[in-house]
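Let me begin by presenting the structure, written as structure tokens, before commenting on it.
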Amino acid sequence: MTVHLEIKNLRKDYKRGETVFSAVKDVNLEVNGGDFISVVGHSGSGKSTLLNLIAGLLLPTSGEILLDGESAIISSDDKASRLRNTVIGHIPQGQSLLSNLTVFDNVRLPFYLSEREGDPSAQVHELLTGLGIGSLAGSYPNSLSGGEARRVAIARALINKPAILLADEPTSDLDAENTDEIMLLFKRIAKEGTAVIMVTHDQRTLNAVDRSYTMEDGVLSNHSV
Amino acid sequence: MSNKPLTIWQLAVANIKRKPLRTAGLIIIVALVAFVLFAGGILSVSLKNGLESMKERLGADLLVVPVGYDEGVEGIIVKGEPAYFYFDKSVETELEKVEGVKSVSSQFYLTSLNQDCCSVPVQFIGFDPETDFSIQPWISEVYSKDIKDGELIIGSDITADENNRLKFFGEEYTVAAKLEETGTGLDQAVYANMNTLVHLFGAAKEKGLTFIDTIDPESSVSSVLVRLEDGYDLDEVTHNIRASSDGLQVIKTKSMVTGIADDLDGLVSVIYVFAALFLVVVLIMLVIVFSVTANERKKEFATLRALGASGKKLARLVITEALLICGIGGSAGTIVSAVIVLSFSTYIGDRLGLPYLQPGIAGVFGIALLALAVSLGLGPLGSAYTAGRLNRREVYLTMREGE
């Protein structure tokens with residue numbers, strides 16, 4: 001399943017007292033299945049807001065988000081959540097695993113957040129083995145290293161076979177070796193047809209991506225790799 | 001590793017297990033609510049039942065006793081405190097002639113001190129089967145034959161031996177029947193016809209009960225129960241009786257019941273106010289705890305939202321957790337309350353000094369269900385504010401601010 005994501009003149013304004021400021025200013029972006037792109041910017045530049053708009057967690061002030069030509073801006077939270085759960089895999093920033101669930105349960109959790117038939121167990125084991133952490137299925141998040149936890153989060157994002165993978169600072173707090181491994185994984189995932197969109201301020205990742213963009217004060221601009 | 005589907009219920013169970021101390025604290029608070037509700041419910045219903053039972057059992061409009069013994073007769077009826085007092089039997093005949101009096105029936109009181117049957121002194125009540133209209137209707141519910149000389153009818157709190165016999169003042173008597181519980185002092189009374197009472201009186205005298213030395217049981221009675229003719233006013237007949245002879249204390253049974261009802265209303269109001277205040281305090285506490293907990297869990301909720309959980313699903317998760325806590329607390333509190341309140345019902349009734357008749361199994365079950373339902377209701381109510389916040393679309397942004 002490949003996808004064509006098109007973002008047109010996307011804008012998100014916030015009000016702080018009497019002042020209106022734009023976290024995302026008229027962003028235009030096109031991503032296809034198989035692309036691996038990064039959005040680089042400092043903290044507060046608007047890159048996470050952009051990711052949340054794509055994920056449907058926020059509604060834009062104006063502009064369009066088209067998925068295969070159809071609007072992905074959905075006012076119904078139920079429908080937007082369903083779209084996020086089926087089309088988008090999300091790797092939130094930092095430690096995002098649920099500490100009271102095992103690695104196995106963390107990974108299969110998104111499968112049960114929408115109505116689905118079947119048992120994802122075999123797929124969970126396949127994903128964990130593919131990411132080199134098959135032996136950790138019964139472990140709890142507090143016993144994992146930073147790199148292992150990030151791989152579990154990636155496995156969890158992939159469990160519903162998403163067309164788009166959104167990664168928010170996936171290499172923060174990781175050493176160079178783990179960062180390289182995560183980048184190789186994303187490349188592999190993109191090669192299999194998934195559109196990978198990563199927001200980061202980690203300059204070490206720039207060589208791994210197909211295209212890189214810079215975000216500053218809500219404005220997205222091309223950045224040659 | 002379990003392959004069972006990961007439901008909201010399982011997530012909620014895992015979440016409440018994660019903070020065992022906080023969960024235990026909340027369970028204890030809700031258990032206390034259920035305890036208070038069940039105990040308060042049983043208490044108020046038992047008191048109301050006791051009053052109703054007393055109203056029905058009295059059966060007379062007026063009770064006439066020697067002057068100064070109004071508290072004595074009330075003690076017998078309400079608290080089961082044995083008493084004895086006598087006046088001349090001719091009072092009965094005189095009262096029959098008073099205008100407005102339809103029928104009269106005398107009773108004779110005697111107390112035992114420490115007999116084998118009972119840990120507390122027993123009140124004997126002798127009645128005349130020919131004229132009685134107060135006791136026999138109740139006896140007929142459990143014993144259809146005439147009560148012979150030497151036979152006793154016992155209150156529900158008195159237990160006969162395995163041969164259905166009781167020994168008083170060195171002599172054995174046959175227990176013909178045991179009355180249904182009334183929740184009043186009359187449960188600790190022994191009833192017999194006048195002949196048996198005279199016999200008991202003689203036996204007591206032989207055993208050295210000196211306080212009755214001067215009394216002739218053949219010509220004395222303790223109280224006369226009076227029924228009014230239709231259309232006569234209670235105050236009017238009371239006045240007529242007082243005018244007919246000296247040394248009589250006339251007690252309006254309605255006033256006695258009203259007095260007890262006033263005490264009871266006061267007590268029941270205190271129970272209700274306390275339960276309501278406690279409920280409100282606990283509800284406020286739960287709203288605060290769930291809200292603070294949700295703030296601590298921003299990151300977890302943000303992750304669930306990012307993975308595709310709708311706001312409704314997060315709200316359901318929080319409400320399920322609250323329901324689980326309140327369900328466990330409510331059940332535990334109701335069970336503990338039932339064990340304590342039902343086991344000590346006799347003691348509670350005695351301590352209150354008011355008619356106390358515990359409801360039957362269906363009533364107890366109903367009150368338990370109500371206590372459980374209210375405790376369970378605290379869950380959705382206490383978590384509604386938090387659930388409402390989680391149901392908002394842009395909650396993810398708020399959550400990120402907490403990182």
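Following the order of the structure tokens, chains are lettered A, B, ..., residues in each are numbered from 1, and ligands are numbered from 1.
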
- request: At a cut-off of 9 Å, list the chain B residues touching chain A, using only C-alpha atoms, as a PyMOL selection string.
  value: chain B and resi 1-8+11+14-15+17-18+299-300+302-313+391-397

Just write the chosen residues, C-alpha atoms, as a PDB file, in the first residue's frame.
```pdb
ATOM      1  CA  MET B   1       2.251 -13.803  27.421  1.00  0.00           C
ATOM      2  CA  SER B   2      -1.468 -13.851  26.921  1.00  0.00           C
ATOM      3  CA  ASN B   3      -2.977 -13.726  23.450  1.00  0.00           C
ATOM      4  CA  LYS B   4      -6.293 -12.471  24.811  1.00  0.00           C
ATOM      5  CA  PRO B   5      -7.492  -9.264  23.109  1.00  0.00           C
ATOM      6  CA  LEU B   6      -6.259  -6.118  24.801  1.00  0.00           C
ATOM      7  CA  THR B   7      -9.537  -4.532  25.829  1.00  0.00           C
ATOM      8  CA  ILE B   8     -10.261  -1.262  27.622  1.00  0.00           C
ATOM      9  CA  LEU B  11      -5.905  -1.758  30.150  1.00  0.00           C
ATOM     10  CA  ALA B  14      -3.274  -2.919  34.372  1.00  0.00           C
ATOM     11  CA  ASN B  15      -3.456   0.822  35.098  1.00  0.00           C
ATOM     12  CA  LYS B  17      -2.484  -2.157  39.465  1.00  0.00           C
ATOM     13  CA  ARG B  18       0.364   0.178  38.559  1.00  0.00           C
ATOM     14  CA  LYS B 299       2.326  11.438  28.492  1.00  0.00           C
ATOM     15  CA  GLU B 300       0.458   8.113  28.549  1.00  0.00           C
ATOM     16  CA  ALA B 302      -0.799  11.581  24.563  1.00  0.00           C
ATOM     17  CA  THR B 303       0.758   8.317  23.398  1.00  0.00           C
ATOM     18  CA  LEU B 304      -2.609   6.569  23.251  1.00  0.00           C
ATOM     19  CA  ARG B 305      -4.035   9.478  21.223  1.00  0.00           C
ATOM     20  CA  ALA B 306      -1.069   9.342  18.854  1.00  0.00           C
ATOM     21  CA  LEU B 307      -1.605   5.615  18.370  1.00  0.00           C
ATOM     22  CA  GLY B 308      -5.220   6.134  17.334  1.00  0.00           C
ATOM     23  CA  ALA B 309      -7.272   6.150  20.533  1.00  0.00           C
ATOM     24  CA  SER B 310     -10.193   8.538  20.215  1.00  0.00           C
ATOM     25  CA  GLY B 311     -11.054  10.998  22.960  1.00  0.00           C
ATOM     26  CA  LYS B 312     -14.093   8.863  23.734  1.00  0.00           C
ATOM     27  CA  LYS B 313     -11.897   5.807  24.172  1.00  0.00           C
ATOM     28  CA  ASN B 391     -12.598  13.850  25.144  1.00  0.00           C
ATOM     29  CA  ARG B 392     -11.455  17.212  23.762  1.00  0.00           C
ATOM     30  CA  ARG B 393      -9.840  17.054  20.320  1.00  0.00           C
ATOM     31  CA  GLU B 394      -6.732  19.122  20.955  1.00  0.00           C
ATOM     32  CA  VAL B 395      -5.911  17.534  24.256  1.00  0.00           C
ATOM     33  CA  TYR B 396      -2.679  16.204  22.763  1.00  0.00           C
ATOM     34  CA  LEU B 397      -1.241  19.703  22.636  1.00  0.00           C
TER      35      LEU B 397
END
```

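The residue set within 8 Å of Ala315 (chain B), counting only C-alpha atoms and dropping same-chain residues fewer than 6 places from it, reads Thr386, Ala387, Gly388, Leu390 and Asn391 of chain B.
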
message: For the strand (DSSP E or B) assignment from backbone DSSP, which residues of region 92-239 of chain B qualify? Please present them as an MDAnalysis selection string.
response: chainID B and resid 101:111 123:127 151:154 165:168 171:178 189:193 220:221 223:228

How would the residues just picked look written out with N, CA and C atoms as a short mmCIF file (atom, residue, chain, number, x, y, z; two decimals), in the first residue's frame?
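For reference, part_22.cif as written:
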```
data_model
loop_
_atom_site.label_atom_id
_atom_site.label_comp_id
_atom_site.auth_asym_id
_atom_site.auth_seq_id
_atom_site.Cartn_x
_atom_site.Cartn_y
_atom_site.Cartn_z
N VAL B 101 -65.81 4.43 76.19
CA VAL B 101 -64.97 3.22 76.23
C VAL B 101 -65.75 2.06 75.61
N LYS B 102 -65.15 1.42 74.61
CA LYS B 102 -65.82 0.31 73.94
C LYS B 102 -65.50 -1.01 74.64
N SER B 103 -64.20 -1.24 74.90
CA SER B 103 -63.81 -2.48 75.57
C SER B 103 -62.55 -2.27 76.38
N VAL B 104 -62.39 -3.07 77.40
CA VAL B 104 -61.19 -2.98 78.25
C VAL B 104 -60.64 -4.39 78.46
N SER B 105 -59.35 -4.46 78.71
CA SER B 105 -58.73 -5.75 79.02
C SER B 105 -57.53 -5.48 79.92
N SER B 106 -57.45 -6.21 81.02
CA SER B 106 -56.35 -5.93 81.95
C SER B 106 -55.16 -6.86 81.71
N GLN B 107 -54.02 -6.41 82.16
CA GLN B 107 -52.80 -7.22 82.07
C GLN B 107 -52.11 -7.20 83.42
N PHE B 108 -51.37 -8.25 83.69
CA PHE B 108 -50.69 -8.38 84.97
C PHE B 108 -49.20 -8.59 84.69
N TYR B 109 -48.36 -7.74 85.27
CA TYR B 109 -46.92 -7.81 85.00
C TYR B 109 -46.17 -8.42 86.18
N LEU B 110 -45.18 -9.21 85.83
CA LEU B 110 -44.32 -9.81 86.85
C LEU B 110 -42.92 -9.91 86.22
N THR B 111 -41.90 -9.76 87.03
CA THR B 111 -40.55 -9.91 86.44
C THR B 111 -39.83 -11.07 87.10
N GLN B 123 -39.83 -10.27 81.36
CA GLN B 123 -41.09 -9.65 81.72
C GLN B 123 -42.22 -10.63 81.48
N PHE B 124 -42.97 -10.95 82.52
CA PHE B 124 -44.16 -11.79 82.33
C PHE B 124 -45.35 -10.87 82.13
N ILE B 125 -46.17 -11.20 81.15
CA ILE B 125 -47.39 -10.43 80.92
C ILE B 125 -48.57 -11.40 80.94
N GLY B 126 -49.39 -11.23 81.94
CA GLY B 126 -50.58 -12.07 82.03
C GLY B 126 -51.75 -11.35 81.41
N PHE B 127 -52.56 -12.08 80.67
CA PHE B 127 -53.73 -11.44 80.05
C PHE B 127 -54.96 -12.32 80.24
N GLU B 151 -49.33 -22.99 80.16
CA GLU B 151 -48.66 -22.81 78.86
C GLU B 151 -48.16 -21.36 78.73
N LEU B 152 -47.04 -21.23 78.04
CA LEU B 152 -46.46 -19.89 77.84
C LEU B 152 -46.34 -19.59 76.35
N ILE B 153 -46.49 -18.33 76.05
CA ILE B 153 -46.17 -17.84 74.70
C ILE B 153 -44.96 -16.93 74.91
N ILE B 154 -43.88 -17.19 74.14
CA ILE B 154 -42.67 -16.41 74.41
C ILE B 154 -42.35 -15.44 73.28
N ARG B 165 -39.54 -26.38 76.79
CA ARG B 165 -39.98 -26.05 78.15
C ARG B 165 -39.07 -24.97 78.73
N LEU B 166 -39.62 -24.24 79.68
CA LEU B 166 -38.84 -23.21 80.37
C LEU B 166 -39.09 -23.33 81.87
N LYS B 167 -38.06 -23.07 82.65
CA LYS B 167 -38.18 -23.19 84.09
C LYS B 167 -38.15 -21.79 84.72
N PHE B 168 -39.19 -21.49 85.49
CA PHE B 168 -39.21 -20.22 86.22
C PHE B 168 -39.54 -20.47 87.68
N GLU B 171 -40.13 -24.06 88.74
CA GLU B 171 -41.14 -24.91 88.11
C GLU B 171 -41.04 -24.83 86.59
N GLU B 172 -41.39 -25.95 85.94
CA GLU B 172 -41.29 -26.00 84.48
C GLU B 172 -42.62 -25.66 83.83
N TYR B 173 -42.54 -24.99 82.70
CA TYR B 173 -43.74 -24.62 81.94
C TYR B 173 -43.54 -25.01 80.48
N THR B 174 -44.65 -25.32 79.81
CA THR B 174 -44.57 -25.68 78.39
C THR B 174 -44.69 -24.41 77.54
N VAL B 175 -43.81 -24.33 76.55
CA VAL B 175 -43.89 -23.19 75.62
C VAL B 175 -44.80 -23.60 74.46
N ALA B 176 -45.94 -22.94 74.35
CA ALA B 176 -46.90 -23.30 73.30
C ALA B 176 -46.49 -22.69 71.95
N ALA B 177 -45.92 -21.51 71.97
CA ALA B 177 -45.55 -20.86 70.71
C ALA B 177 -44.57 -19.72 70.96
N LYS B 178 -43.89 -19.39 69.89
CA LYS B 178 -42.95 -18.26 69.96
C LYS B 178 -43.45 -17.19 68.99
N ALA B 189 -40.55 -10.60 76.31
CA ALA B 189 -41.64 -10.86 77.26
C ALA B 189 -42.15 -12.29 77.13
N VAL B 190 -42.73 -12.79 78.23
CA VAL B 190 -43.37 -14.11 78.25
C VAL B 190 -44.84 -13.88 78.55
N TYR B 191 -45.71 -14.43 77.71
CA TYR B 191 -47.15 -14.22 77.87
C TYR B 191 -47.81 -15.48 78.42
N ALA B 192 -48.81 -15.28 79.27
CA ALA B 192 -49.57 -16.41 79.81
C ALA B 192 -50.95 -15.92 80.21
N ASN B 193 -51.88 -16.87 80.39
CA ASN B 193 -53.19 -16.41 80.86
C ASN B 193 -53.09 -16.07 82.35
N SER B 220 -55.53 -7.91 91.81
CA SER B 220 -54.70 -6.80 91.30
C SER B 220 -54.45 -6.95 89.80
N VAL B 221 -54.24 -5.84 89.15
CA VAL B 221 -53.79 -5.83 87.75
C VAL B 221 -52.71 -4.74 87.60
N SER B 223 -52.07 -3.09 84.34
CA SER B 223 -52.51 -2.08 83.37
C SER B 223 -53.85 -2.50 82.79
N VAL B 224 -54.56 -1.50 82.31
CA VAL B 224 -55.81 -1.80 81.61
C VAL B 224 -55.72 -1.17 80.22
N LEU B 225 -55.92 -2.02 79.21
CA LEU B 225 -55.91 -1.53 77.83
C LEU B 225 -57.33 -1.13 77.45
N VAL B 226 -57.44 0.04 76.82
CA VAL B 226 -58.77 0.58 76.52
C VAL B 226 -58.92 0.81 75.02
N ARG B 227 -60.07 0.37 74.51
CA ARG B 227 -60.43 0.68 73.12
C ARG B 227 -61.60 1.66 73.13
N LEU B 228 -61.57 2.63 72.26
CA LEU B 228 -62.62 3.66 72.24
C LEU B 228 -63.77 3.27 71.33
#
```

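Between Thr93 (chain B) and the candidates B:Ile241, B:Glu56, B:Gly202, B:Ser134, the tightest atom-to-atom separation, counting only C-alpha atoms, involves B:Ile241.
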
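When CA of Pro141 (chain A) is paired with CA of Pro162 (chain A), their separation reads 23.4 Å.
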
task: Could you give me, as a VMD selection string, the residues within 7 Å of Gly34 (chain A), counting only C-alpha atoms and dropping anything in the same chain fewer than 2 positions from it?
output: chain A and resid 32 36 190 to 195

For the selection you just gave me, I'd like the residues written to a file as a compact mmCIF listing (two decimals), in the first residue's frame, keeping N, CA and C atoms.
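Written output follows (again.txt):
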```
# COMPACT_ATOMS: atom_id res chain seq x y z
N ASN A 32 5.49 10.82 -1.06
CA ASN A 32 4.93 9.61 -1.64
C ASN A 32 5.37 8.38 -0.86
N PHE A 36 11.57 8.88 2.27
CA PHE A 36 12.02 9.04 3.65
C PHE A 36 12.50 10.48 3.77
N ALA A 190 10.92 2.46 4.49
CA ALA A 190 10.55 3.29 3.33
C ALA A 190 10.66 2.47 2.04
N LYS A 191 11.70 1.66 1.97
CA LYS A 191 11.93 0.84 0.77
C LYS A 191 10.75 -0.11 0.55
N GLU A 192 10.11 -0.50 1.65
CA GLU A 192 8.96 -1.43 1.55
C GLU A 192 7.67 -0.70 1.16
N GLY A 193 7.76 0.64 0.94
CA GLY A 193 6.61 1.37 0.41
C GLY A 193 5.98 2.36 1.36
N THR A 194 6.46 2.43 2.57
CA THR A 194 5.87 3.36 3.54
C THR A 194 6.51 4.75 3.39
N ALA A 195 5.69 5.79 3.51
CA ALA A 195 6.23 7.15 3.51
C ALA A 195 6.68 7.46 4.93
```

- request: Check the smallest atom-to-atom distance from each of B:Ser375, B:Ser383, B:Ser156, B:Ser331 to Ile284 (chain B) using only C-alpha atoms, then report the winner.
  value: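 Answer, going by the shortest atom-to-atom distance: B:Ser383.
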
message: Just want the 8 Å neighbourhood of Glu64 (chain A), counted on only C-alpha atoms, with same-chain residues fewer than 4 positions away dropped. Output as a ChimeraX atom specification.
response: /A:6-10,71-73

message: Write out as number ranges by chain the set of residues from region 68-213 of chain A that DSSP, computed on the backbone, places in helix (DSSP H, G or I).
response: A: 77-87, 103-113, 121-130, 134-136, 141-143, 146-158, 176-191, 203-208

- prompt: By how many Å are CA of Ile328 (chain B) and CA of Leu370 (chain B) apart?
  reply: 14.9 Å

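For the pair CA of Val65 (chain B) and CA of Pro217 (chain B), the separation is 15.8 Å.
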